[in-house]
$ cat start.txt   # compact mmCIF, N, CA and C atoms
# COMPACT_ATOMS: atom_id res chain seq x y z
N MET K 28 12.97 -3.62 -5.70
CA MET K 28 12.87 -3.87 -4.28
C MET K 28 11.57 -4.55 -3.91
N THR K 29 10.48 -4.19 -4.57
CA THR K 29 9.20 -4.80 -4.22
C THR K 29 8.30 -4.89 -5.42
N CYS K 30 7.43 -5.87 -5.39
CA CYS K 30 6.39 -5.97 -6.41
C CYS K 30 5.02 -5.87 -5.78
N ALA K 31 4.89 -6.27 -4.53
CA ALA K 31 3.61 -6.19 -3.85
C ALA K 31 3.61 -4.96 -2.97
N ILE K 32 2.81 -4.01 -3.33
CA ILE K 32 2.76 -2.76 -2.57
C ILE K 32 1.34 -2.56 -2.09
N LEU K 33 1.18 -2.38 -0.81
CA LEU K 33 -0.12 -2.09 -0.25
C LEU K 33 -0.20 -0.60 -0.06
N ASN K 34 -1.03 0.03 -0.84
CA ASN K 34 -1.15 1.48 -0.78
C ASN K 34 -2.40 1.81 0.01
N VAL K 35 -2.24 2.45 1.13
CA VAL K 35 -3.37 2.67 2.04
C VAL K 35 -4.36 3.71 1.54
N VAL K 36 -4.08 4.36 0.44
CA VAL K 36 -5.05 5.32 -0.07
C VAL K 36 -5.83 4.77 -1.26
N THR K 37 -5.74 3.48 -1.51
CA THR K 37 -6.51 2.90 -2.60
C THR K 37 -7.95 2.69 -2.15
N THR K 38 -8.81 2.42 -3.11
CA THR K 38 -10.21 2.15 -2.78
C THR K 38 -10.31 0.81 -2.08
N GLN K 39 -11.47 0.54 -1.48
CA GLN K 39 -11.67 -0.73 -0.79
C GLN K 39 -11.51 -1.90 -1.75
N ILE K 40 -11.98 -1.76 -2.96
CA ILE K 40 -11.87 -2.85 -3.93
C ILE K 40 -10.40 -3.17 -4.17
N HIS K 41 -9.60 -2.15 -4.44
CA HIS K 41 -8.18 -2.38 -4.66
C HIS K 41 -7.53 -2.94 -3.40
N PHE K 42 -7.95 -2.48 -2.24
CA PHE K 42 -7.38 -2.98 -0.99
C PHE K 42 -7.64 -4.47 -0.86
N HIS K 43 -8.89 -4.89 -1.12
CA HIS K 43 -9.21 -6.31 -0.97
C HIS K 43 -8.51 -7.16 -2.02
N GLN K 44 -8.33 -6.63 -3.24
CA GLN K 44 -7.57 -7.36 -4.25
C GLN K 44 -6.13 -7.51 -3.79
N THR K 45 -5.56 -6.46 -3.25
CA THR K 45 -4.19 -6.50 -2.76
C THR K 45 -4.09 -7.44 -1.57
N LEU K 46 -5.06 -7.39 -0.67
CA LEU K 46 -5.06 -8.25 0.51
C LEU K 46 -5.10 -9.71 0.09
N ASP K 47 -5.86 -10.04 -0.95
CA ASP K 47 -5.93 -11.41 -1.45
C ASP K 47 -4.54 -11.90 -1.85
N VAL K 48 -3.76 -11.05 -2.48
CA VAL K 48 -2.40 -11.41 -2.87
C VAL K 48 -1.54 -11.64 -1.63
N LEU K 49 -1.75 -10.83 -0.60
CA LEU K 49 -0.94 -10.92 0.62
C LEU K 49 -1.20 -12.21 1.39
N VAL K 50 -2.45 -12.63 1.46
CA VAL K 50 -2.78 -13.78 2.29
C VAL K 50 -2.68 -15.10 1.53
N ASN K 51 -2.40 -15.05 0.25
CA ASN K 51 -2.19 -16.25 -0.54
C ASN K 51 -0.73 -16.28 -0.96
N PRO K 52 0.13 -16.91 -0.16
CA PRO K 52 1.57 -16.82 -0.39
C PRO K 52 2.02 -17.30 -1.76
N GLN K 53 1.30 -18.23 -2.38
CA GLN K 53 1.71 -18.69 -3.70
C GLN K 53 1.63 -17.57 -4.73
N LYS K 54 0.85 -16.54 -4.46
CA LYS K 54 0.73 -15.40 -5.36
C LYS K 54 1.78 -14.33 -5.07
N ASN K 55 2.33 -14.34 -3.87
CA ASN K 55 3.21 -13.24 -3.46
C ASN K 55 4.49 -13.78 -2.84
N MET K 56 5.60 -13.57 -3.53
CA MET K 56 6.88 -14.01 -3.00
C MET K 56 7.78 -12.80 -2.71
N ASN K 57 7.27 -11.60 -2.84
CA ASN K 57 8.05 -10.39 -2.67
C ASN K 57 7.68 -9.67 -1.38
N PRO K 58 8.58 -8.84 -0.88
CA PRO K 58 8.26 -8.11 0.35
C PRO K 58 7.11 -7.13 0.15
N VAL K 59 6.41 -6.86 1.23
CA VAL K 59 5.30 -5.92 1.22
C VAL K 59 5.78 -4.62 1.84
N ILE K 60 5.50 -3.52 1.18
CA ILE K 60 5.84 -2.21 1.72
C ILE K 60 4.54 -1.43 1.90
N VAL K 61 4.34 -0.92 3.10
CA VAL K 61 3.19 -0.09 3.40
C VAL K 61 3.64 1.36 3.43
N PHE K 62 3.06 2.18 2.58
CA PHE K 62 3.33 3.61 2.60
C PHE K 62 2.50 4.16 3.75
N HIS K 63 3.18 4.48 4.84
CA HIS K 63 2.53 4.69 6.12
C HIS K 63 2.59 6.14 6.60
N ASN K 64 1.49 6.58 7.15
CA ASN K 64 1.41 7.87 7.84
C ASN K 64 0.89 7.56 9.24
N PRO K 65 1.73 7.60 10.26
CA PRO K 65 1.32 7.25 11.61
C PRO K 65 0.14 8.07 12.14
N ARG K 66 -0.09 9.25 11.59
CA ARG K 66 -1.21 10.09 12.05
C ARG K 66 -2.53 9.72 11.39
N CYS K 67 -2.48 8.83 10.40
CA CYS K 67 -3.68 8.44 9.64
C CYS K 67 -4.29 7.17 10.25
N SER K 68 -5.56 7.25 10.63
CA SER K 68 -6.21 6.09 11.26
C SER K 68 -6.29 4.90 10.31
N LYS K 69 -6.54 5.15 9.02
CA LYS K 69 -6.62 4.04 8.05
C LYS K 69 -5.26 3.37 7.90
N SER K 70 -4.22 4.15 7.93
CA SER K 70 -2.88 3.59 7.83
C SER K 70 -2.57 2.72 9.05
N ARG K 71 -2.91 3.21 10.23
CA ARG K 71 -2.71 2.41 11.45
C ARG K 71 -3.56 1.15 11.43
N GLN K 72 -4.79 1.25 10.94
CA GLN K 72 -5.67 0.08 10.84
C GLN K 72 -5.10 -0.95 9.87
N THR K 73 -4.49 -0.47 8.80
CA THR K 73 -3.87 -1.37 7.82
C THR K 73 -2.75 -2.17 8.47
N LEU K 74 -1.88 -1.49 9.23
CA LEU K 74 -0.79 -2.19 9.91
C LEU K 74 -1.35 -3.19 10.92
N ALA K 75 -2.39 -2.82 11.64
CA ALA K 75 -3.00 -3.73 12.62
C ALA K 75 -3.57 -4.97 11.92
N LEU K 76 -4.20 -4.76 10.78
CA LEU K 76 -4.75 -5.89 10.02
C LEU K 76 -3.64 -6.82 9.55
N LEU K 77 -2.58 -6.26 9.00
CA LEU K 77 -1.45 -7.07 8.54
C LEU K 77 -0.81 -7.83 9.70
N ASP K 78 -0.70 -7.18 10.85
CA ASP K 78 -0.16 -7.86 12.03
C ASP K 78 -1.08 -9.01 12.45
N ARG K 79 -2.38 -8.76 12.42
CA ARG K 79 -3.35 -9.77 12.84
C ARG K 79 -3.31 -11.01 11.96
N ILE K 80 -3.09 -10.82 10.65
CA ILE K 80 -3.06 -11.98 9.75
C ILE K 80 -1.64 -12.45 9.47
N ASP K 81 -0.70 -11.95 10.26
CA ASP K 81 0.69 -12.40 10.24
C ASP K 81 1.41 -12.18 8.91
N VAL K 82 1.19 -11.03 8.31
CA VAL K 82 1.89 -10.66 7.08
C VAL K 82 3.11 -9.83 7.46
N LYS K 83 4.26 -10.24 6.95
CA LYS K 83 5.48 -9.47 7.18
C LYS K 83 5.51 -8.29 6.21
N TYR K 84 5.90 -7.13 6.73
CA TYR K 84 5.91 -5.93 5.90
C TYR K 84 6.98 -4.97 6.39
N GLU K 85 7.28 -4.02 5.53
CA GLU K 85 8.14 -2.90 5.89
C GLU K 85 7.30 -1.64 5.75
N THR K 86 7.59 -0.62 6.52
CA THR K 86 6.88 0.64 6.37
C THR K 86 7.78 1.67 5.70
N PHE K 87 7.17 2.49 4.89
CA PHE K 87 7.85 3.62 4.27
C PHE K 87 7.10 4.86 4.71
N LEU K 88 7.75 5.71 5.49
CA LEU K 88 7.12 6.93 6.00
C LEU K 88 7.18 8.00 4.91
N TYR K 89 6.14 8.05 4.12
CA TYR K 89 6.16 8.90 2.93
C TYR K 89 6.14 10.39 3.23
N LEU K 90 5.75 10.78 4.42
CA LEU K 90 5.78 12.21 4.76
C LEU K 90 7.19 12.65 5.16
N GLU K 91 8.02 11.70 5.54
CA GLU K 91 9.39 12.01 5.95
C GLU K 91 10.42 11.72 4.87
N ASN K 92 10.07 10.86 3.92
CA ASN K 92 11.00 10.43 2.89
C ASN K 92 10.38 10.66 1.52
N GLU K 93 11.19 11.13 0.61
CA GLU K 93 10.70 11.38 -0.75
C GLU K 93 10.86 10.14 -1.61
N ILE K 94 9.96 10.00 -2.56
CA ILE K 94 10.16 9.02 -3.61
C ILE K 94 10.26 9.79 -4.92
N SER K 95 10.97 9.23 -5.85
CA SER K 95 11.14 9.91 -7.14
C SER K 95 9.86 9.80 -7.96
N TYR K 96 9.75 10.66 -8.92
CA TYR K 96 8.63 10.62 -9.86
C TYR K 96 8.59 9.27 -10.56
N GLU K 97 9.76 8.76 -10.95
CA GLU K 97 9.84 7.48 -11.64
C GLU K 97 9.34 6.34 -10.75
N GLU K 98 9.72 6.38 -9.46
CA GLU K 98 9.25 5.36 -8.52
C GLU K 98 7.74 5.46 -8.32
N PHE K 99 7.23 6.67 -8.25
CA PHE K 99 5.79 6.89 -8.12
C PHE K 99 5.06 6.26 -9.32
N LEU K 100 5.56 6.50 -10.52
CA LEU K 100 4.94 5.92 -11.71
C LEU K 100 5.05 4.40 -11.71
N ARG K 101 6.18 3.88 -11.24
CA ARG K 101 6.35 2.42 -11.17
C ARG K 101 5.33 1.80 -10.21
N ILE K 102 5.11 2.45 -9.08
CA ILE K 102 4.14 1.96 -8.09
C ILE K 102 2.74 1.98 -8.69
N LEU K 103 2.38 3.09 -9.33
CA LEU K 103 1.06 3.16 -9.96
C LEU K 103 0.90 2.05 -10.99
N GLY K 104 1.96 1.78 -11.75
CA GLY K 104 1.91 0.71 -12.74
C GLY K 104 1.69 -0.65 -12.11
N LEU K 105 2.37 -0.91 -11.00
CA LEU K 105 2.19 -2.18 -10.30
C LEU K 105 0.77 -2.35 -9.80
N LEU K 106 0.19 -1.24 -9.35
CA LEU K 106 -1.19 -1.27 -8.83
C LEU K 106 -2.23 -1.17 -9.94
N LYS K 107 -1.76 -0.91 -11.16
CA LYS K 107 -2.65 -0.71 -12.31
C LYS K 107 -3.63 0.44 -12.03
N LEU K 108 -3.07 1.54 -11.52
CA LEU K 108 -3.86 2.72 -11.18
C LEU K 108 -3.32 3.93 -11.91
N LYS K 109 -4.17 4.95 -12.02
CA LYS K 109 -3.77 6.25 -12.53
C LYS K 109 -3.65 7.20 -11.34
N PRO K 110 -2.90 8.29 -11.47
CA PRO K 110 -2.77 9.22 -10.34
C PRO K 110 -4.12 9.65 -9.76
N ARG K 111 -5.09 9.88 -10.60
CA ARG K 111 -6.41 10.30 -10.12
C ARG K 111 -7.06 9.25 -9.22
N ASP K 112 -6.73 7.97 -9.44
CA ASP K 112 -7.33 6.89 -8.66
C ASP K 112 -6.91 6.91 -7.20
N ILE K 113 -5.81 7.55 -6.87
CA ILE K 113 -5.35 7.54 -5.48
C ILE K 113 -5.57 8.87 -4.77
N LEU K 114 -6.22 9.80 -5.45
CA LEU K 114 -6.53 11.08 -4.79
C LEU K 114 -7.59 10.87 -3.73
N ARG K 115 -7.41 11.52 -2.61
CA ARG K 115 -8.41 11.45 -1.53
C ARG K 115 -9.41 12.57 -1.78
N VAL K 116 -10.60 12.22 -2.17
CA VAL K 116 -11.59 13.23 -2.54
C VAL K 116 -12.50 13.63 -1.39
N LYS K 117 -12.49 12.88 -0.30
CA LYS K 117 -13.38 13.18 0.82
C LYS K 117 -12.69 13.96 1.93
N GLU K 118 -11.44 14.36 1.71
CA GLU K 118 -10.71 15.14 2.71
C GLU K 118 -11.27 16.55 2.80
N LYS K 119 -11.25 17.11 3.99
CA LYS K 119 -11.71 18.48 4.19
C LYS K 119 -10.53 19.41 4.34
$ encode --input "start.txt" --output "structure tokens"
Amino acid sequence: MTCAILNVVTTQIHFHQTLDVLVNPQKNMNPVIVFHNPRCSKSRQTLALLDRIDVKYETFLYLENEISYEEFLRILGLLKLKPRDILRVKEK
């Protein structure tokens, strides 16, 4: 379904690398899916940024919908990340 996934819990470096793919259409011919939490300010800021630079995207409300373990691993593989890389360590 998708190859370009913008994961809002990635580090800034990964975000900017992903953003580069989004704004350079020759690099990205696949739909963008944002794993979105409407209560998260960073998630809302991500959608606002994508809207501002005219990137078409779909949202996946991950708190309301489950993804399989296999899909989770596939997403991590696409992002070239390990599970530990997406843990939020500054949460209280």
$ closest_residue --input "start.txt" --among "K:Ala75, K:Ile113, K:Asp81, K:Thr86" --to "Val61 of chain K" --atoms "only N, CA and C atoms"
K:Thr86
$ atom_distance --input "start.txt" --atom1 "atom CA of Asn92 of chain K" --atom2 "atom CA of Arg66 of chain K"
15.3 Å
$ atom_distance --input "start.txt" --atom1 "atom CA of Lys107 of chain K" --atom2 "atom N of Phe62 of chain K"
16.2 Å
$ atom_distance --input "start.txt" --atom1 "atom CA of Pro65 of chain K" --atom2 "atom CA of Glu91 of chain K"
10.9 Å
$ select_by_dssp --input "start.txt" --residues "segment 47-114 of chain K" --states "helix (DSSP H, G or I)" --output "short mmCIF file (atom, residue, chain, number, x, y, z; two decimals) with N, CA and C atoms, in the coordinates of the input"
data_model
loop_
_atom_site.label_atom_id
_atom_site.label_comp_id
_atom_site.auth_asym_id
_atom_site.auth_seq_id
_atom_site.Cartn_x
_atom_site.Cartn_y
_atom_site.Cartn_z
N ASP K 47 -5.86 -10.04 -0.95
CA ASP K 47 -5.93 -11.41 -1.45
C ASP K 47 -4.54 -11.90 -1.85
N VAL K 48 -3.76 -11.05 -2.48
CA VAL K 48 -2.40 -11.41 -2.87
C VAL K 48 -1.54 -11.64 -1.63
N LEU K 49 -1.75 -10.83 -0.60
CA LEU K 49 -0.94 -10.92 0.62
C LEU K 49 -1.20 -12.21 1.39
N VAL K 50 -2.45 -12.63 1.46
CA VAL K 50 -2.78 -13.78 2.29
C VAL K 50 -2.68 -15.10 1.53
N PRO K 52 0.13 -16.91 -0.16
CA PRO K 52 1.57 -16.82 -0.39
C PRO K 52 2.02 -17.30 -1.76
N GLN K 53 1.30 -18.23 -2.38
CA GLN K 53 1.71 -18.69 -3.70
C GLN K 53 1.63 -17.57 -4.73
N LYS K 54 0.85 -16.54 -4.46
CA LYS K 54 0.73 -15.40 -5.36
C LYS K 54 1.78 -14.33 -5.07
N SER K 68 -5.56 7.25 10.63
CA SER K 68 -6.21 6.09 11.26
C SER K 68 -6.29 4.90 10.31
N LYS K 69 -6.54 5.15 9.02
CA LYS K 69 -6.62 4.04 8.05
C LYS K 69 -5.26 3.37 7.90
N SER K 70 -4.22 4.15 7.93
CA SER K 70 -2.88 3.59 7.83
C SER K 70 -2.57 2.72 9.05
N ARG K 71 -2.91 3.21 10.23
CA ARG K 71 -2.71 2.41 11.45
C ARG K 71 -3.56 1.15 11.43
N GLN K 72 -4.79 1.25 10.94
CA GLN K 72 -5.67 0.08 10.84
C GLN K 72 -5.10 -0.95 9.87
N THR K 73 -4.49 -0.47 8.80
CA THR K 73 -3.87 -1.37 7.82
C THR K 73 -2.75 -2.17 8.47
N LEU K 74 -1.88 -1.49 9.23
CA LEU K 74 -0.79 -2.19 9.91
C LEU K 74 -1.35 -3.19 10.92
N ALA K 75 -2.39 -2.82 11.64
CA ALA K 75 -3.00 -3.73 12.62
C ALA K 75 -3.57 -4.97 11.92
N LEU K 76 -4.20 -4.76 10.78
CA LEU K 76 -4.75 -5.89 10.02
C LEU K 76 -3.64 -6.82 9.55
N LEU K 77 -2.58 -6.26 9.00
CA LEU K 77 -1.45 -7.07 8.54
C LEU K 77 -0.81 -7.83 9.70
N ASP K 78 -0.70 -7.18 10.85
CA ASP K 78 -0.16 -7.86 12.03
C ASP K 78 -1.08 -9.01 12.45
N ARG K 79 -2.38 -8.76 12.42
CA ARG K 79 -3.35 -9.77 12.84
C ARG K 79 -3.31 -11.01 11.96
N TYR K 96 9.75 10.66 -8.92
CA TYR K 96 8.63 10.62 -9.86
C TYR K 96 8.59 9.27 -10.56
N GLU K 97 9.76 8.76 -10.95
CA GLU K 97 9.84 7.48 -11.64
C GLU K 97 9.34 6.34 -10.75
N GLU K 98 9.72 6.38 -9.46
CA GLU K 98 9.25 5.36 -8.52
C GLU K 98 7.74 5.46 -8.32
N PHE K 99 7.23 6.67 -8.25
CA PHE K 99 5.79 6.89 -8.12
C PHE K 99 5.06 6.26 -9.32
N LEU K 100 5.56 6.50 -10.52
CA LEU K 100 4.94 5.92 -11.71
C LEU K 100 5.05 4.40 -11.71
N ARG K 101 6.18 3.88 -11.24
CA ARG K 101 6.35 2.42 -11.17
C ARG K 101 5.33 1.80 -10.21
N ILE K 102 5.11 2.45 -9.08
CA ILE K 102 4.14 1.96 -8.09
C ILE K 102 2.74 1.98 -8.69
N LEU K 103 2.38 3.09 -9.33
CA LEU K 103 1.06 3.16 -9.96
C LEU K 103 0.90 2.05 -10.99
N GLY K 104 1.96 1.78 -11.75
CA GLY K 104 1.91 0.71 -12.74
C GLY K 104 1.69 -0.65 -12.11
N LEU K 105 2.37 -0.91 -11.00
CA LEU K 105 2.19 -2.18 -10.30
C LEU K 105 0.77 -2.35 -9.80
N LEU K 106 0.19 -1.24 -9.35
CA LEU K 106 -1.19 -1.27 -8.83
C LEU K 106 -2.23 -1.17 -9.94
N PRO K 110 -2.90 8.29 -11.47
CA PRO K 110 -2.77 9.22 -10.34
C PRO K 110 -4.12 9.65 -9.76
N ARG K 111 -5.09 9.88 -10.60
CA ARG K 111 -6.41 10.30 -10.12
C ARG K 111 -7.06 9.25 -9.22
N ASP K 112 -6.73 7.97 -9.44
CA ASP K 112 -7.33 6.89 -8.66
C ASP K 112 -6.91 6.91 -7.20
N ILE K 113 -5.81 7.55 -6.87
CA ILE K 113 -5.35 7.54 -5.48
C ILE K 113 -5.57 8.87 -4.77
#
$ residues_around --input "start.txt" --residues "Asn64 of chain K" --least-positions-apart "4" --cutoff "7 Å" --atoms "only N, CA and C atoms" --output "count of residues only"
7
